[in-house]
file target.cif (mmCIF, C-alpha atoms and all ligand atoms)
data_coords
#
loop_
_atom_site.label_atom_id
_atom_site.label_comp_id
_atom_site.auth_asym_id
_atom_site.auth_seq_id
_atom_site.Cartn_x
_atom_site.Cartn_y
_atom_site.Cartn_z
CA MET L 1 0.00 0.00 0.00
CA GLY L 2 2.81 2.47 0.76
CA LEU L 3 1.83 5.84 2.25
CA VAL L 4 -1.50 5.58 4.10
CA THR L 5 -3.47 7.28 6.87
CA SER L 6 -3.62 5.60 10.28
CA THR L 7 -7.38 4.94 10.22
CA GLU L 8 -7.32 1.23 9.32
CA MET L 9 -4.06 0.67 11.19
CA PHE L 10 -5.55 1.97 14.44
CA LYS L 11 -8.82 0.07 14.00
CA LYS L 12 -6.94 -3.23 13.70
CA ALA L 13 -4.54 -2.32 16.51
CA TYR L 14 -7.42 -1.38 18.82
CA GLU L 15 -9.26 -4.62 18.16
CA GLY L 16 -6.07 -6.69 18.39
CA HIS L 17 -4.82 -4.98 21.60
CA TYR L 18 -1.46 -4.04 20.13
CA ALA L 19 0.10 -0.68 19.22
CA ILE L 20 1.84 0.87 16.22
CA GLY L 21 5.28 2.37 16.81
CA ALA L 22 5.62 6.04 15.88
CA PHE L 23 9.31 6.79 15.47
CA ASN L 24 10.82 10.27 15.00
CA VAL L 25 12.90 10.70 11.86
CA ASN L 26 15.64 13.26 11.29
CA ASN L 27 17.96 11.79 8.67
CA MET L 28 18.52 8.99 6.16
CA GLU L 29 20.09 6.49 8.55
CA ILE L 30 17.17 6.76 10.99
CA ILE L 31 14.59 6.27 8.23
CA GLN L 32 16.49 3.30 6.79
CA GLY L 33 16.96 1.64 10.17
CA ILE L 34 13.28 1.94 11.11
CA VAL L 35 11.89 0.88 7.74
CA GLU L 36 14.27 -2.09 7.40
CA ALA L 37 13.13 -3.33 10.82
CA ALA L 38 9.44 -2.87 9.96
CA VAL L 39 9.85 -4.63 6.60
CA GLU L 40 11.61 -7.60 8.22
CA ALA L 41 8.95 -7.79 10.93
CA ASN L 42 6.14 -7.34 8.38
CA SER L 43 4.75 -4.51 10.50
CA PRO L 44 3.01 -1.21 9.72
CA VAL L 45 4.88 1.82 11.03
CA ILE L 46 4.48 5.57 11.61
CA LEU L 47 7.35 7.89 10.70
CA GLN L 48 6.97 11.25 12.39
CA VAL L 49 8.60 14.59 11.67
CA SER L 50 8.86 17.31 14.32
CA SER L 51 9.36 21.04 13.74
CA GLY L 52 12.95 20.49 14.86
CA ALA L 53 13.37 17.76 12.24
CA ARG L 54 11.98 20.07 9.56
CA LYS L 55 14.48 22.75 10.58
CA TYR L 56 17.39 20.29 10.71
CA ALA L 57 16.83 18.31 7.53
CA ASN L 58 14.34 20.36 5.49
CA GLN L 59 11.11 18.42 5.14
CA ILE L 60 11.57 18.02 1.36
CA TYR L 61 14.50 15.69 2.07
CA LEU L 62 12.58 13.78 4.71
CA LYS L 63 9.53 13.35 2.46
CA LYS L 64 11.71 12.11 -0.44
CA LEU L 65 13.62 9.76 1.88
CA VAL L 66 10.34 8.27 3.10
CA GLU L 67 9.24 7.79 -0.52
CA ALA L 68 12.58 6.12 -1.23
CA ALA L 69 12.10 3.81 1.76
CA ILE L 70 8.67 2.77 0.44
CA GLU L 71 10.14 2.12 -3.01
CA ASP L 72 12.96 0.11 -1.43
CA SER L 73 10.51 -2.00 0.61
CA LYS L 74 8.56 -2.67 -2.62
CA GLN L 75 11.72 -3.82 -4.36
CA ARG L 76 12.47 -6.12 -1.42
CA GLY L 77 9.08 -7.72 -2.05
CA ASN L 78 7.32 -6.42 1.07
CA GLU L 79 5.74 -3.01 0.65
CA ILE L 80 4.56 -2.16 4.15
CA ASP L 81 2.06 0.53 5.20
CA ILE L 82 3.71 3.74 6.34
CA VAL L 83 2.08 6.84 7.83
CA LEU L 84 3.95 10.12 7.36
CA HIS L 85 2.98 12.17 10.40
CA LEU L 86 3.66 15.69 11.70
CA ASP L 87 4.71 15.44 15.36
CA HIS L 88 3.67 18.27 17.73
CA GLY L 89 2.37 20.75 15.14
CA ASP L 90 1.81 24.01 17.01
CA SER L 91 -0.17 26.06 14.50
CA PHE L 92 -2.82 25.74 11.79
CA GLU L 93 -0.31 27.05 9.22
CA LEU L 94 2.25 24.34 10.00
CA CYS L 95 -0.39 21.59 9.82
CA LYS L 96 -1.72 23.03 6.54
CA ASP L 97 1.77 23.11 5.07
CA CYS L 98 2.30 19.43 5.90
CA ILE L 99 -1.15 18.44 4.61
CA ASP L 100 -0.51 20.34 1.36
CA SER L 101 2.86 18.66 0.91
CA GLY L 102 1.61 15.08 1.23
CA PHE L 103 1.70 14.10 4.91
CA THR L 104 -1.06 11.57 5.66
CA SER L 105 -1.46 12.53 9.31
CA VAL L 106 -0.82 15.64 11.44
CA MET L 107 -0.75 16.35 15.13
CA ILE L 108 -2.07 19.68 16.36
CA ASP L 109 -0.73 20.11 19.87
CA GLY L 110 -2.86 22.68 21.65
CA SER L 111 -2.24 21.09 25.03
CA LYS L 112 -0.66 24.26 26.45
CA LEU L 113 -3.75 26.32 25.58
CA PRO L 114 -6.89 26.74 27.68
CA PHE L 115 -9.49 24.03 26.86
CA GLU L 116 -11.70 26.22 24.63
CA GLU L 117 -8.74 27.51 22.61
CA ASN L 118 -7.36 23.99 22.18
CA VAL L 119 -10.82 22.91 20.93
CA ALA L 120 -11.07 25.82 18.46
CA LEU L 121 -7.56 25.31 17.02
CA THR L 122 -7.98 21.53 16.77
CA ARG L 123 -11.41 21.91 15.13
CA LYS L 124 -9.93 24.25 12.50
CA VAL L 125 -7.15 21.77 11.66
CA VAL L 126 -9.60 18.84 11.58
CA GLU L 127 -11.84 20.65 9.08
CA TYR L 128 -8.95 21.36 6.71
CA ALA L 129 -7.31 17.94 7.16
CA HIS L 130 -10.49 15.92 6.63
CA ALA L 131 -11.32 17.89 3.50
CA HIS L 132 -7.94 16.69 2.18
CA GLY L 133 -8.14 13.06 3.32
CA VAL L 134 -5.68 13.53 6.19
CA VAL L 135 -6.19 12.42 9.81
CA VAL L 136 -5.57 14.48 12.95
CA GLU L 137 -4.08 13.64 16.34
CA ALA L 138 -4.79 16.15 19.13
CA GLU L 139 -3.54 16.40 22.71
CA LEU L 140 -5.20 17.04 26.04
CA GLY L 141 -3.35 17.19 29.36
CA LYS L 142 0.24 18.19 29.98
CA LEU L 143 3.27 15.91 29.86
CA ALA L 144 6.31 16.53 32.03
CA GLY L 145 9.75 16.56 30.43
CA VAL L 146 11.57 18.52 27.76
CA GLU L 147 9.77 19.77 24.67
CA ASP L 148 11.11 22.45 22.32
CA ASP L 149 13.81 23.12 24.93
CA VAL L 150 11.17 23.95 27.57
CA LYS L 151 11.34 21.78 30.70
CA VAL L 152 8.09 20.94 32.52
CA GLU L 153 8.76 19.45 36.01
CA GLU L 154 7.09 16.15 36.99
CA LYS L 155 5.02 18.00 39.64
CA ASP L 156 3.68 20.50 37.06
CA ALA L 157 2.43 17.83 34.65
CA MET L 158 -1.36 17.55 34.38
CA TYR L 159 -3.12 14.25 33.83
CA THR L 160 -5.85 14.18 31.19
CA SER L 161 -9.32 14.47 32.68
CA PRO L 162 -11.63 11.69 31.34
CA ASP L 163 -14.60 14.10 31.39
CA GLU L 164 -12.71 16.65 29.30
CA ALA L 165 -11.43 13.95 26.94
CA VAL L 166 -14.99 12.87 26.06
CA GLU L 167 -16.06 16.48 25.53
CA PHE L 168 -12.93 17.33 23.53
CA VAL L 169 -13.30 14.42 21.09
CA LYS L 170 -16.98 15.25 20.58
CA LEU L 171 -16.31 18.95 19.96
CA THR L 172 -13.26 18.62 17.71
CA GLY L 173 -13.86 15.47 15.63
CA CYS L 174 -10.17 14.55 16.00
CA ASP L 175 -9.16 11.04 14.91
CA SER L 176 -6.91 10.16 17.85
CA LEU L 177 -5.99 11.75 21.16
CA ALA L 178 -2.68 11.98 23.00
CA ILE L 179 -3.24 11.74 26.73
CA ALA L 180 -1.11 12.50 29.78
CA ILE L 181 -0.95 9.58 32.22
CA GLY L 182 2.58 9.98 33.59
CA THR L 183 4.89 9.63 30.58
CA SER L 184 7.21 12.49 29.67
CA HIS L 185 9.53 13.48 26.86
CA GLY L 186 13.27 12.92 27.02
CA ALA L 187 15.56 10.46 28.78
CA TYR L 188 14.83 11.46 32.41
CA LYS L 189 11.24 10.40 32.95
CA PHE L 190 11.13 9.23 36.54
CA LYS L 191 13.07 10.13 39.67
CA GLY L 192 11.71 7.07 41.51
CA GLU L 193 9.88 3.94 40.33
CA PRO L 194 8.47 4.24 36.77
CA LYS L 195 4.68 4.30 37.04
CA LEU L 196 1.72 5.26 34.85
CA ARG L 197 -1.87 6.13 35.77
CA ILE L 198 -3.36 3.08 34.08
CA ASP L 199 -6.54 3.79 36.07
CA ILE L 200 -7.01 7.09 34.18
CA LEU L 201 -6.27 5.34 30.88
CA LYS L 202 -8.90 2.68 31.63
CA GLU L 203 -11.48 5.32 32.51
CA ILE L 204 -10.85 7.22 29.27
CA THR L 205 -11.09 3.98 27.26
CA ASP L 206 -14.35 3.05 29.01
CA ARG L 207 -15.80 6.46 28.21
CA LEU L 208 -14.52 6.52 24.60
CA PRO L 209 -14.86 2.92 23.44
CA GLY L 210 -13.14 2.17 20.12
CA PHE L 211 -11.35 5.54 20.06
CA PRO L 212 -7.57 5.37 19.46
CA LEU L 213 -5.35 6.90 22.15
CA VAL L 214 -1.72 7.97 21.81
CA LEU L 215 1.17 7.77 24.27
CA HIS L 216 3.88 10.38 23.88
CA GLY L 217 7.12 10.24 25.80
CA ALA L 218 7.10 6.45 25.63
CA SER L 219 10.79 5.63 25.23
CA SER L 220 12.05 2.89 27.53
CA VAL L 221 15.55 4.40 27.79
CA PRO L 222 17.28 0.97 27.60
CA GLN L 223 19.88 0.82 30.36
CA GLU L 224 22.17 -1.04 27.96
CA PHE L 225 22.49 2.15 25.88
CA VAL L 226 22.75 4.44 28.92
CA SER L 227 25.65 2.35 30.31
CA MET L 228 27.31 2.22 26.91
CA CYS L 229 27.09 6.02 26.53
CA ASN L 230 28.53 6.54 30.01
CA GLU L 231 31.25 3.90 29.55
CA TYR L 232 32.46 5.49 26.32
CA GLY L 233 32.79 9.07 27.51
CA GLY L 234 29.17 10.22 27.80
CA ASN L 235 27.54 11.78 30.84
CA ILE L 236 23.88 10.85 31.22
CA PRO L 237 23.61 9.42 34.73
CA GLY L 238 20.16 8.45 36.02
CA ALA L 239 18.41 8.39 32.64
CA ARG L 240 15.27 6.28 33.00
CA GLY L 241 12.22 5.50 30.84
CA VAL L 242 8.83 3.78 30.77
CA THR L 243 9.21 0.04 31.35
CA GLU L 244 8.31 -2.28 28.51
CA GLU L 245 5.75 -3.99 30.79
CA LEU L 246 3.90 -0.68 31.26
CA LEU L 247 3.86 -0.10 27.49
CA ARG L 248 2.45 -3.59 26.89
CA GLU L 249 -0.25 -2.88 29.45
CA ALA L 250 -1.14 0.49 27.87
CA ALA L 251 -1.51 -1.23 24.46
CA LYS L 252 -4.19 -3.49 25.98
CA TYR L 253 -6.37 -0.49 26.86
CA GLY L 254 -6.86 1.52 23.69
CA VAL L 255 -3.36 2.97 23.19
CA CYS L 256 -2.83 2.42 19.44
CA LYS L 257 0.20 4.70 18.86
CA ILE L 258 3.36 4.68 20.97
CA ASN L 259 5.87 7.51 20.35
CA ILE L 260 9.58 6.76 20.49
CA ASP L 261 12.37 9.23 19.84
CA SER L 262 14.80 9.24 22.77
CA ASP L 263 15.55 5.50 22.34
CA ILE L 264 16.68 6.20 18.76
CA ARG L 265 18.97 8.98 19.98
CA LEU L 266 20.41 6.74 22.68
CA ALA L 267 20.94 3.74 20.38
CA MET L 268 22.78 5.89 17.84
CA THR L 269 24.87 7.86 20.33
CA ALA L 270 25.91 4.78 22.34
CA ASN L 271 27.13 2.99 19.22
CA ILE L 272 28.86 6.01 17.70
CA ARG L 273 30.66 6.66 21.00
CA LYS L 274 31.75 3.01 21.18
CA CYS L 275 33.05 3.14 17.62
CA PHE L 276 35.04 6.33 18.27
CA VAL L 277 36.64 4.96 21.45
CA GLU L 278 37.35 1.45 20.20
CA SER L 279 38.47 2.46 16.71
CA PRO L 280 40.12 5.91 16.96
CA GLU L 281 41.57 5.44 13.49
CA VAL L 282 38.07 5.57 11.93
CA PHE L 283 37.15 8.76 10.12
CA ASP L 284 34.78 7.46 7.46
CA PRO L 285 31.25 8.56 8.50
CA ARG L 286 29.83 5.47 6.81
CA THR L 287 31.51 3.32 9.45
CA TYR L 288 30.02 4.97 12.51
CA LEU L 289 26.74 6.03 10.87
CA GLY L 290 26.44 2.45 9.61
CA GLU L 291 26.79 1.22 13.20
CA ALA L 292 24.19 3.78 14.30
CA ARG L 293 21.76 2.65 11.58
CA ARG L 294 22.18 -1.02 12.55
CA ALA L 295 21.52 -0.11 16.20
CA VAL L 296 18.32 1.76 15.26
CA LYS L 297 17.16 -1.23 13.22
CA ASP L 298 17.83 -3.73 16.05
CA MET L 299 16.13 -1.50 18.62
CA VAL L 300 13.03 -0.92 16.44
CA LYS L 301 12.73 -4.62 15.60
CA HIS L 302 12.85 -5.48 19.29
CA LYS L 303 10.09 -2.94 20.01
CA ILE L 304 7.87 -4.25 17.23
CA VAL L 305 8.32 -7.91 18.11
CA ASP L 306 8.61 -7.88 21.90
CA VAL L 307 6.79 -4.74 23.08
CA LEU L 308 4.29 -3.26 20.60
CA GLY L 309 2.99 -6.55 19.18
CA SER L 310 2.65 -5.24 15.61
CA GLU L 311 4.77 -7.99 14.02
CA ASN L 312 3.08 -9.71 11.08
CA LYS L 313 0.12 -7.30 11.19
CA MET L 314 0.48 -6.32 7.52
CA GLN L 315 -1.87 -9.01 6.15
O1 LIG L 401 8.32 15.12 21.35
C1 LIG L 401 9.40 15.51 20.91
C2 LIG L 401 10.21 14.64 20.01
O2 LIG L 401 11.10 13.88 20.76
C3 LIG L 401 10.87 15.45 18.95
O3 LIG L 401 11.95 16.12 19.48
O4 LIG L 401 11.53 18.47 18.76
O5 LIG L 401 13.85 17.70 19.39
O6 LIG L 401 12.80 16.93 17.25
P1 LIG L 401 12.58 17.41 18.66
P1 LIG L 402 10.44 10.10 23.95
O1 LIG L 402 11.24 11.29 24.35
O2 LIG L 402 10.04 9.30 25.15
O3 LIG L 402 11.12 9.25 22.94
O4 LIG L 402 9.06 10.62 23.31
C1 LIG L 402 8.99 10.96 21.95
C2 LIG L 402 7.70 11.64 21.59
O5 LIG L 402 6.73 11.66 22.32
C3 LIG L 402 7.65 12.30 20.28
O6 LIG L 402 6.46 13.00 20.09
ZN ZN L 403 5.67 13.85 21.89
#
call {"tool": "encode", "arguments": {"input": "target.cif", "output": "structure tokens"}}
result
Amino acid sequence: MGLVTSTEMFKKAYEGHYAIGAFNVNNMEIIQGIVEAAVEANSPVILQVSSGARKYANQIYLKKLVEAAIEDSKQRGNEIDIVLHLDHGDSFELCKDCIDSGFTSVMIDGSKLPFEENVALTRKVVEYAHAHGVVVEAELGKLAGVEDDVKVEEKDAMYTSPDEAVEFVKLTGCDSLAIAIGTSHGAYKFKGEPKLRIDILKEITDRLPGFPLVLHGASSVPQEFVSMCNEYGGNIPGARGVTEELLREAAKYGVCKINIDSDIRLAMTANIRKCFVESPEVFDPRTYLGEARRAVKDMVKHKIVDVLGSENKMQ
């Protein structure tokens, strides 16, 4: 099928109690690593582009690289379904630009706005997106962590209210909703034991049956990569993520999209650091970027097969 919206993907995931991985893409090696893993695992996948990614790579390159990945998967004899998604769009204009340039899904993140303003902005994006065959993810509640270089402390995060979630979905017509139940962006998610408000998730699912929910800030921060970074000259003590068990549990209760970015950063950085320290004679970027790409592929395949449950869901 190639480039698709997430509508069918989420319907199947919801019914099958598994989730689709939404991975952030910033360059060729990341796109190749993710798509190779998804092709091998015969899994649908979401590739998401943030404003930062657009600034870094120029979205024309990212769009063409995603098209190339689809073409490559076709030539390998397994053309998987891929959603090209805008991550954390903060304005109607940005969403419109992505819709006009061929994205199949956009996120309008009005979570920092008062409820009524979030509703109005989301509604405006939904109207434009639906008229162009594109789906919309919205957000309600406030995650802790780092976003656009702004740090929200754990104590200042705000869990999504189930009452507001029902009202918000009704008023906006959005296709999926990102909720705040204790996850956060970045590699430092928990000071103590990792925990999520699964009780809030269950209540939202009960009140919005069949409606796809999204978990942002869902990297597991594998300790293997944290140790490797620190061993080879890095300095990221105490980095900690959402456990894989918690993610599996969330996927049982209506979470159809699980966002992962930090784990990609960690996998790449750990392996590049190792390469530099162990092979100081290396100066060909293909050597260390090749290692980084392999690490992204292995990490994504593990997520698909052992955590998300989307392996072999292409039929
Ligand atoms: O939610 C944020 C994502 O990790 C994207 O991060 O804005 O640094 O590209 P970025
Ligand atoms: P992580 O920082 O946990 O990888 O979250 C990524 C994310 O939510 C992108 O929107
Ligand atoms: Zn996010």
call {"tool": "residues_near_ligand", "arguments": {"input": "target.cif", "ligand": "ligand LIG 401 (chain L)", "cutoff": "10 Å", "atoms": "all atoms listed in the file", "output": "JSON, numbers by chain"}}
result
{"L": [23, 24, 25, 26, 48, 49, 50, 51, 52, 53, 54, 55, 56, 87, 88, 143, 145, 146, 147, 148, 149, 184, 185, 186, 187, 216, 217, 218, 219, 259, 260, 261, 262, 263, 264, 265]}
call {"tool": "atom_distance", "arguments": {"input": "target.cif", "atom1": "CA of Val282 (chain L)", "atom2": "CA of Arg294 (chain L)"}}
result
17.2 Å
call {"tool": "atom_distance", "arguments": {"input": "target.cif", "atom1": "CA of Gly309 (chain L)", "atom2": "CA of Gly77 (chain L)"}}
result
22.1 Å
call {"tool": "atom_distance", "arguments": {"input": "target.cif", "atom1": "CA of Val255 (chain L)", "atom2": "CA of Leu213 (chain L)"}}
result
4.5 Å
call {"tool": "residues_around", "arguments": {"input": "target.cif", "residues": "Tyr14 (chain L)", "least_positions_apart": "3", "cutoff": "9 Å", "atoms": "all atoms listed in the file", "output": "ChimeraX atom specification"}}
result
/L:9-11,17-19,210-212,251-256
call {"tool": "write_last_selection", "arguments": {"input": "target.cif", "atoms": "C-alpha atoms", "output": "PDB file, in the coordinates of the input"}}
result
ATOM      1  CA  MET L   9      -4.060   0.670  11.190  1.00  0.00           C
ATOM      2  CA  PHE L  10      -5.550   1.970  14.440  1.00  0.00           C
ATOM      3  CA  LYS L  11      -8.820   0.070  14.000  1.00  0.00           C
ATOM      4  CA  HIS L  17      -4.820  -4.980  21.600  1.00  0.00           C
ATOM      5  CA  TYR L  18      -1.460  -4.040  20.130  1.00  0.00           C
ATOM      6  CA  ALA L  19       0.100  -0.680  19.220  1.00  0.00           C
ATOM      7  CA  GLY L 210     -13.140   2.170  20.120  1.00  0.00           C
ATOM      8  CA  PHE L 211     -11.350   5.540  20.060  1.00  0.00           C
ATOM      9  CA  PRO L 212      -7.570   5.370  19.460  1.00  0.00           C
ATOM     10  CA  ALA L 251      -1.510  -1.230  24.460  1.00  0.00           C
ATOM     11  CA  LYS L 252      -4.190  -3.490  25.980  1.00  0.00           C
ATOM     12  CA  TYR L 253      -6.370  -0.490  26.860  1.00  0.00           C
ATOM     13  CA  GLY L 254      -6.860   1.520  23.690  1.00  0.00           C
ATOM     14  CA  VAL L 255      -3.360   2.970  23.190  1.00  0.00           C
ATOM     15  CA  CYS L 256      -2.830   2.420  19.440  1.00  0.00           C
TER      16      CYS L 256
END
